[in-house]
$ cat data14.cif   # mmCIF, N, CA and C atoms, pLDDT in the B column; chains and numbers go by the auth columns
data_structure
#
loop_
_atom_site.group_PDB
_atom_site.id
_atom_site.type_symbol
_atom_site.label_atom_id
_atom_site.label_comp_id
_atom_site.label_asym_id
_atom_site.label_seq_id
_atom_site.Cartn_x
_atom_site.Cartn_y
_atom_site.Cartn_z
_atom_site.B_iso_or_equiv
_atom_site.auth_seq_id
_atom_site.auth_asym_id
ATOM 1 N N MET A 1 6.976 30.835 -20.533 48.00 1 A
ATOM 2 C CA MET A 1 5.983 29.791 -20.455 48.00 1 A
ATOM 3 C C MET A 1 6.696 28.439 -20.522 48.00 1 A
ATOM 4 N N GLU A 2 6.328 27.531 -19.620 52.00 2 A
ATOM 5 C CA GLU A 2 6.978 26.231 -19.587 52.00 2 A
ATOM 6 C C GLU A 2 6.316 25.283 -20.577 52.00 2 A
ATOM 7 N N ALA A 3 7.150 24.501 -21.224 55.00 3 A
ATOM 8 C CA ALA A 3 6.624 23.488 -22.137 55.00 3 A
ATOM 9 C C ALA A 3 6.182 22.280 -21.328 55.00 3 A
ATOM 10 N N GLN A 4 5.048 21.744 -21.675 59.00 4 A
ATOM 11 C CA GLN A 4 4.552 20.570 -20.967 59.00 4 A
ATOM 12 C C GLN A 4 5.254 19.331 -21.498 59.00 4 A
ATOM 13 N N SER A 5 5.739 18.521 -20.568 53.00 5 A
ATOM 14 C CA SER A 5 6.404 17.295 -20.991 53.00 5 A
ATOM 15 C C SER A 5 5.349 16.206 -21.187 53.00 5 A
ATOM 16 N N PRO A 6 5.528 15.378 -22.200 57.00 6 A
ATOM 17 C CA PRO A 6 4.555 14.304 -22.413 57.00 6 A
ATOM 18 C C PRO A 6 4.655 13.275 -21.293 57.00 6 A
ATOM 19 N N ARG A 7 3.515 12.762 -20.903 58.00 7 A
ATOM 20 C CA ARG A 7 3.486 11.749 -19.840 58.00 7 A
ATOM 21 C C ARG A 7 4.009 10.434 -20.386 58.00 7 A
ATOM 22 N N SER A 8 4.838 9.811 -19.594 59.00 8 A
ATOM 23 C CA SER A 8 5.322 8.500 -20.012 59.00 8 A
ATOM 24 C C SER A 8 4.351 7.436 -19.516 59.00 8 A
ATOM 25 N N GLY A 9 4.168 6.405 -20.278 64.00 9 A
ATOM 26 C CA GLY A 9 3.277 5.324 -19.882 64.00 9 A
ATOM 27 C C GLY A 9 1.855 5.547 -20.345 64.00 9 A
ATOM 28 N N LEU A 10 1.024 4.612 -20.012 64.00 10 A
ATOM 29 C CA LEU A 10 -0.386 4.682 -20.383 64.00 10 A
ATOM 30 C C LEU A 10 -1.188 5.332 -19.253 64.00 10 A
ATOM 31 N N PRO A 11 -2.111 6.198 -19.579 69.00 11 A
ATOM 32 C CA PRO A 11 -2.922 6.838 -18.537 69.00 11 A
ATOM 33 C C PRO A 11 -4.055 5.919 -18.063 69.00 11 A
ATOM 34 N N LEU A 12 -3.736 4.966 -17.219 70.00 12 A
ATOM 35 C CA LEU A 12 -4.743 4.024 -16.737 70.00 12 A
ATOM 36 C C LEU A 12 -5.109 4.363 -15.303 70.00 12 A
ATOM 37 N N ARG A 13 -6.378 4.349 -15.018 77.00 13 A
ATOM 38 C CA ARG A 13 -6.858 4.628 -13.673 77.00 13 A
ATOM 39 C C ARG A 13 -7.893 3.597 -13.275 77.00 13 A
ATOM 40 N N GLY A 14 -8.062 3.470 -11.992 82.00 14 A
ATOM 41 C CA GLY A 14 -9.131 2.633 -11.467 82.00 14 A
ATOM 42 C C GLY A 14 -8.974 1.165 -11.788 82.00 14 A
ATOM 43 N N THR A 15 -10.054 0.572 -12.214 87.00 15 A
ATOM 44 C CA THR A 15 -10.122 -0.867 -12.429 87.00 15 A
ATOM 45 C C THR A 15 -9.180 -1.330 -13.537 87.00 15 A
ATOM 46 N N ALA A 16 -9.057 -0.565 -14.604 87.00 16 A
ATOM 47 C CA ALA A 16 -8.182 -0.965 -15.715 87.00 16 A
ATOM 48 C C ALA A 16 -6.737 -1.058 -15.252 87.00 16 A
ATOM 49 N N GLY A 17 -6.285 -0.096 -14.492 87.00 17 A
ATOM 50 C CA GLY A 17 -4.915 -0.124 -13.971 87.00 17 A
ATOM 51 C C GLY A 17 -4.689 -1.285 -13.028 87.00 17 A
ATOM 52 N N LEU A 18 -5.677 -1.576 -12.194 89.00 18 A
ATOM 53 C CA LEU A 18 -5.568 -2.699 -11.267 89.00 18 A
ATOM 54 C C LEU A 18 -5.496 -4.027 -12.018 89.00 18 A
ATOM 55 N N VAL A 19 -6.332 -4.192 -13.030 92.00 19 A
ATOM 56 C CA VAL A 19 -6.340 -5.431 -13.808 92.00 19 A
ATOM 57 C C VAL A 19 -4.997 -5.628 -14.509 92.00 19 A
ATOM 58 N N ILE A 20 -4.441 -4.567 -15.066 91.00 20 A
ATOM 59 C CA ILE A 20 -3.154 -4.673 -15.754 91.00 20 A
ATOM 60 C C ILE A 20 -2.039 -4.975 -14.753 91.00 20 A
ATOM 61 N N ALA A 21 -2.060 -4.329 -13.593 90.00 21 A
ATOM 62 C CA ALA A 21 -1.042 -4.595 -12.579 90.00 21 A
ATOM 63 C C ALA A 21 -1.089 -6.045 -12.106 90.00 21 A
ATOM 64 N N VAL A 22 -2.285 -6.554 -11.854 92.00 22 A
ATOM 65 C CA VAL A 22 -2.428 -7.958 -11.437 92.00 22 A
ATOM 66 C C VAL A 22 -1.968 -8.880 -12.563 92.00 22 A
ATOM 67 N N GLY A 23 -2.280 -8.539 -13.792 94.00 23 A
ATOM 68 C CA GLY A 23 -1.839 -9.346 -14.934 94.00 23 A
ATOM 69 C C GLY A 23 -0.324 -9.403 -15.050 94.00 23 A
ATOM 70 N N VAL A 24 0.336 -8.273 -14.858 93.00 24 A
ATOM 71 C CA VAL A 24 1.804 -8.246 -14.915 93.00 24 A
ATOM 72 C C VAL A 24 2.395 -9.108 -13.806 93.00 24 A
ATOM 73 N N VAL A 25 1.837 -9.009 -12.607 91.00 25 A
ATOM 74 C CA VAL A 25 2.328 -9.822 -11.487 91.00 25 A
ATOM 75 C C VAL A 25 2.133 -11.299 -11.781 91.00 25 A
ATOM 76 N N VAL A 26 0.991 -11.680 -12.308 92.00 26 A
ATOM 77 C CA VAL A 26 0.724 -13.090 -12.631 92.00 26 A
ATOM 78 C C VAL A 26 1.695 -13.594 -13.694 92.00 26 A
ATOM 79 N N VAL A 27 1.930 -12.793 -14.725 93.00 27 A
ATOM 80 C CA VAL A 27 2.866 -13.198 -15.790 93.00 27 A
ATOM 81 C C VAL A 27 4.267 -13.381 -15.209 93.00 27 A
ATOM 82 N N LEU A 28 4.709 -12.461 -14.350 90.00 28 A
ATOM 83 C CA LEU A 28 6.034 -12.590 -13.750 90.00 28 A
ATOM 84 C C LEU A 28 6.121 -13.801 -12.836 90.00 28 A
ATOM 85 N N LEU A 29 5.051 -14.067 -12.077 91.00 29 A
ATOM 86 C CA LEU A 29 5.058 -15.223 -11.186 91.00 29 A
ATOM 87 C C LEU A 29 5.121 -16.535 -11.960 91.00 29 A
ATOM 88 N N ILE A 30 4.463 -16.575 -13.113 92.00 30 A
ATOM 89 C CA ILE A 30 4.465 -17.787 -13.924 92.00 30 A
ATOM 90 C C ILE A 30 5.806 -17.940 -14.650 92.00 30 A
ATOM 91 N N SER A 31 6.359 -16.832 -15.129 92.00 31 A
ATOM 92 C CA SER A 31 7.549 -16.889 -15.972 92.00 31 A
ATOM 93 C C SER A 31 8.847 -17.129 -15.222 92.00 31 A
ATOM 94 N N PHE A 32 9.012 -16.493 -14.072 89.00 32 A
ATOM 95 C CA PHE A 32 10.306 -16.516 -13.386 89.00 32 A
ATOM 96 C C PHE A 32 10.175 -17.067 -11.969 89.00 32 A
ATOM 97 N N PRO A 33 10.878 -18.149 -11.676 87.00 33 A
ATOM 98 C CA PRO A 33 10.805 -18.732 -10.326 87.00 33 A
ATOM 99 C C PRO A 33 11.316 -17.779 -9.240 87.00 33 A
ATOM 100 N N ALA A 34 12.290 -16.932 -9.541 88.00 34 A
ATOM 101 C CA ALA A 34 12.822 -16.013 -8.533 88.00 34 A
ATOM 102 C C ALA A 34 11.740 -15.039 -8.073 88.00 34 A
ATOM 103 N N TYR A 35 10.873 -14.624 -8.968 88.00 35 A
ATOM 104 C CA TYR A 35 9.779 -13.724 -8.595 88.00 35 A
ATOM 105 C C TYR A 35 8.789 -14.413 -7.658 88.00 35 A
ATOM 106 N N ARG A 36 8.621 -15.716 -7.837 91.00 36 A
ATOM 107 C CA ARG A 36 7.722 -16.452 -6.937 91.00 36 A
ATOM 108 C C ARG A 36 8.226 -16.373 -5.512 91.00 36 A
ATOM 109 N N TRP A 37 9.531 -16.602 -5.310 91.00 37 A
ATOM 110 C CA TRP A 37 10.104 -16.531 -3.957 91.00 37 A
ATOM 111 C C TRP A 37 10.012 -15.114 -3.400 91.00 37 A
ATOM 112 N N PHE A 38 10.365 -14.125 -4.233 91.00 38 A
ATOM 113 C CA PHE A 38 10.309 -12.736 -3.791 91.00 38 A
ATOM 114 C C PHE A 38 8.887 -12.352 -3.396 91.00 38 A
ATOM 115 N N PHE A 39 7.916 -12.734 -4.212 91.00 39 A
ATOM 116 C CA PHE A 39 6.515 -12.407 -3.937 91.00 39 A
ATOM 117 C C PHE A 39 6.033 -13.109 -2.672 91.00 39 A
ATOM 118 N N ALA A 40 6.392 -14.378 -2.517 92.00 40 A
ATOM 119 C CA ALA A 40 5.961 -15.133 -1.334 92.00 40 A
ATOM 120 C C ALA A 40 6.546 -14.525 -0.061 92.00 40 A
ATOM 121 N N ILE A 41 7.832 -14.186 -0.091 95.00 41 A
ATOM 122 C CA ILE A 41 8.468 -13.595 1.094 95.00 41 A
ATOM 123 C C ILE A 41 7.875 -12.221 1.380 95.00 41 A
ATOM 124 N N SER A 42 7.695 -11.405 0.343 95.00 42 A
ATOM 125 C CA SER A 42 7.131 -10.059 0.534 95.00 42 A
ATOM 126 C C SER A 42 5.704 -10.124 1.070 95.00 42 A
ATOM 127 N N ALA A 43 4.896 -11.018 0.509 94.00 43 A
ATOM 128 C CA ALA A 43 3.513 -11.154 0.975 94.00 43 A
ATOM 129 C C ALA A 43 3.491 -11.639 2.418 94.00 43 A
ATOM 130 N N GLY A 44 4.384 -12.565 2.765 97.00 44 A
ATOM 131 C CA GLY A 44 4.462 -13.043 4.143 97.00 44 A
ATOM 132 C C GLY A 44 4.828 -11.945 5.119 97.00 44 A
ATOM 133 N N ILE A 45 5.805 -11.127 4.751 98.00 45 A
ATOM 134 C CA ILE A 45 6.201 -10.009 5.608 98.00 45 A
ATOM 135 C C ILE A 45 5.041 -9.022 5.742 98.00 45 A
ATOM 136 N N GLY A 46 4.363 -8.726 4.633 97.00 46 A
ATOM 137 C CA GLY A 46 3.240 -7.790 4.666 97.00 46 A
ATOM 138 C C GLY A 46 2.107 -8.280 5.552 97.00 46 A
ATOM 139 N N VAL A 47 1.771 -9.550 5.443 98.00 47 A
ATOM 140 C CA VAL A 47 0.706 -10.122 6.268 98.00 47 A
ATOM 141 C C VAL A 47 1.129 -10.118 7.737 98.00 47 A
ATOM 142 N N GLY A 48 2.397 -10.417 8.002 98.00 48 A
ATOM 143 C CA GLY A 48 2.899 -10.411 9.379 98.00 48 A
ATOM 144 C C GLY A 48 2.821 -9.037 10.020 98.00 48 A
ATOM 145 N N VAL A 49 3.248 -8.012 9.287 98.00 49 A
ATOM 146 C CA VAL A 49 3.192 -6.644 9.813 98.00 49 A
ATOM 147 C C VAL A 49 1.743 -6.214 10.012 98.00 49 A
ATOM 148 N N ALA A 50 0.862 -6.550 9.061 97.00 50 A
ATOM 149 C CA ALA A 50 -0.551 -6.196 9.198 97.00 50 A
ATOM 150 C C ALA A 50 -1.159 -6.863 10.425 97.00 50 A
ATOM 151 N N LEU A 51 -0.804 -8.112 10.668 98.00 51 A
ATOM 152 C CA LEU A 51 -1.315 -8.822 11.841 98.00 51 A
ATOM 153 C C LEU A 51 -0.819 -8.184 13.139 98.00 51 A
ATOM 154 N N MET A 52 0.471 -7.834 13.173 97.00 52 A
ATOM 155 C CA MET A 52 1.022 -7.193 14.374 97.00 52 A
ATOM 156 C C MET A 52 0.344 -5.856 14.648 97.00 52 A
ATOM 157 N N LEU A 53 0.122 -5.057 13.602 95.00 53 A
ATOM 158 C CA LEU A 53 -0.554 -3.771 13.787 95.00 53 A
ATOM 159 C C LEU A 53 -1.994 -3.959 14.231 95.00 53 A
ATOM 160 N N PHE A 54 -2.667 -4.958 13.679 96.00 54 A
ATOM 161 C CA PHE A 54 -4.046 -5.233 14.068 96.00 54 A
ATOM 162 C C PHE A 54 -4.129 -5.580 15.548 96.00 54 A
ATOM 163 N N VAL A 55 -3.256 -6.482 15.993 97.00 55 A
ATOM 164 C CA VAL A 55 -3.258 -6.899 17.394 97.00 55 A
ATOM 165 C C VAL A 55 -2.876 -5.730 18.296 97.00 55 A
ATOM 166 N N TRP A 56 -1.859 -4.951 17.889 94.00 56 A
ATOM 167 C CA TRP A 56 -1.418 -3.804 18.686 94.00 56 A
ATOM 168 C C TRP A 56 -2.565 -2.827 18.914 94.00 56 A
ATOM 169 N N HIS A 57 -3.285 -2.476 17.854 91.00 57 A
ATOM 170 C CA HIS A 57 -4.375 -1.495 17.981 91.00 57 A
ATOM 171 C C HIS A 57 -5.615 -2.106 18.623 91.00 57 A
ATOM 172 N N LYS A 58 -5.735 -3.408 18.596 93.00 58 A
ATOM 173 C CA LYS A 58 -6.842 -4.070 19.301 93.00 58 A
ATOM 174 C C LYS A 58 -6.603 -3.996 20.808 93.00 58 A
ATOM 175 N N LEU A 59 -5.340 -4.200 21.208 93.00 59 A
ATOM 176 C CA LEU A 59 -5.003 -4.175 22.628 93.00 59 A
ATOM 177 C C LEU A 59 -4.842 -2.756 23.169 93.00 59 A
ATOM 178 N N ARG A 60 -4.389 -1.820 22.324 88.00 60 A
ATOM 179 C CA ARG A 60 -4.174 -0.444 22.748 88.00 60 A
ATOM 180 C C ARG A 60 -4.889 0.511 21.792 88.00 60 A
ATOM 181 N N PRO A 61 -6.207 0.642 21.902 85.00 61 A
ATOM 182 C CA PRO A 61 -6.946 1.516 20.971 85.00 61 A
ATOM 183 C C PRO A 61 -6.563 2.983 21.165 85.00 61 A
ATOM 184 N N ILE A 62 -6.678 3.742 20.105 80.00 62 A
ATOM 185 C CA ILE A 62 -6.372 5.168 20.153 80.00 62 A
ATOM 186 C C ILE A 62 -7.527 5.889 20.832 80.00 62 A
ATOM 187 N N ARG A 63 -7.188 6.676 21.849 79.00 63 A
ATOM 188 C CA ARG A 63 -8.197 7.448 22.568 79.00 63 A
ATOM 189 C C ARG A 63 -8.213 8.874 22.049 79.00 63 A
ATOM 190 N N GLU A 64 -9.259 9.588 22.354 76.00 64 A
ATOM 191 C CA GLU A 64 -9.393 10.981 21.925 76.00 64 A
ATOM 192 C C GLU A 64 -8.269 11.842 22.505 76.00 64 A
ATOM 193 N N ASP A 65 -7.818 11.513 23.723 74.00 65 A
ATOM 194 C CA ASP A 65 -6.752 12.285 24.368 74.00 65 A
ATOM 195 C C ASP A 65 -5.411 12.106 23.663 74.00 65 A
ATOM 196 N N ASP A 66 -5.222 10.977 22.964 70.00 66 A
ATOM 197 C CA ASP A 66 -3.953 10.699 22.295 70.00 66 A
ATOM 198 C C ASP A 66 -3.745 11.554 21.047 70.00 66 A
ATOM 199 N N VAL A 67 -4.817 12.078 20.498 71.00 67 A
ATOM 200 C CA VAL A 67 -4.735 12.846 19.262 71.00 67 A
ATOM 201 C C VAL A 67 -4.466 14.302 19.614 71.00 67 A
ATOM 202 N N GLU A 68 -3.269 14.805 19.228 69.00 68 A
ATOM 203 C CA GLU A 68 -2.896 16.178 19.558 69.00 68 A
ATOM 204 C C GLU A 68 -3.469 17.174 18.554 69.00 68 A
ATOM 205 N N ASN A 69 -3.335 16.883 17.279 66.00 69 A
ATOM 206 C CA ASN A 69 -3.774 17.805 16.256 66.00 69 A
ATOM 207 C C ASN A 69 -4.915 17.149 15.486 66.00 69 A
ATOM 208 N N ARG A 70 -6.125 17.649 15.666 64.00 70 A
ATOM 209 C CA ARG A 70 -7.291 17.016 15.050 64.00 70 A
ATOM 210 C C ARG A 70 -7.340 17.202 13.538 64.00 70 A
ATOM 211 N N ARG A 71 -6.724 18.249 13.021 67.00 71 A
ATOM 212 C CA ARG A 71 -6.718 18.515 11.585 67.00 71 A
ATOM 213 C C ARG A 71 -5.277 18.766 11.121 67.00 71 A
ATOM 214 N N PRO A 72 -4.482 17.707 10.971 65.00 72 A
ATOM 215 C CA PRO A 72 -3.071 17.899 10.630 65.00 72 A
ATOM 216 C C PRO A 72 -2.846 18.492 9.247 65.00 72 A
ATOM 217 N N LEU A 73 -3.774 18.326 8.315 69.00 73 A
ATOM 218 C CA LEU A 73 -3.621 18.880 6.971 69.00 73 A
ATOM 219 C C LEU A 73 -4.315 20.219 6.817 69.00 73 A
ATOM 220 N N GLY A 74 -4.954 20.690 7.856 66.00 74 A
ATOM 221 C CA GLY A 74 -5.649 21.967 7.787 66.00 74 A
ATOM 222 C C GLY A 74 -6.943 21.896 6.997 66.00 74 A
ATOM 223 N N LEU A 75 -7.512 20.722 6.828 69.00 75 A
ATOM 224 C CA LEU A 75 -8.763 20.582 6.090 69.00 75 A
ATOM 225 C C LEU A 75 -9.942 20.956 6.969 69.00 75 A
ATOM 226 N N LYS A 76 -10.979 21.500 6.340 63.00 76 A
ATOM 227 C CA LYS A 76 -12.152 21.912 7.105 63.00 76 A
ATOM 228 C C LYS A 76 -13.271 20.932 6.947 63.00 76 A
#

$ encode --input "data14.cif" --output "structure tokens"
Amino acid sequence: MEAQSPRSGLPLRGTAGLVIAVGVVVVLLISFPAYRWFFAISAGIGVGVALMLFVWHKLRPIREDDVENRRPLGLK
């Protein structure tokens, strides 16, 4: 029989986890100037990629013929 290992960290889910994550990001952004630059560059790259994907799929929508496997995970 295997011994269960204790979970590290706090078991936070849903809204509580999101609030704590946003709080940690805000504290880091306020405390350290290097995090501000990293966050700004990362957010800019993320928004840029999201915009490119949005435009790509707007111009070239996925058709029914393009989908080879309708149930890739085998879900019913």

$ atom_distance --input "data14.cif" --atom1 "CA of Asp65 in chain A" --atom2 "atom C of Gly48 in chain A"
27.4 Å

$ atom_distance --input "data14.cif" --atom1 "CA of Val24 in chain A" --atom2 "atom N of Met52 in chain A"
28.1 Å

$ atom_distance --input "data14.cif" --atom1 "atom N of Ser42 in chain A" --atom2 "CA of Leu28 in chain A"
14.2 Å
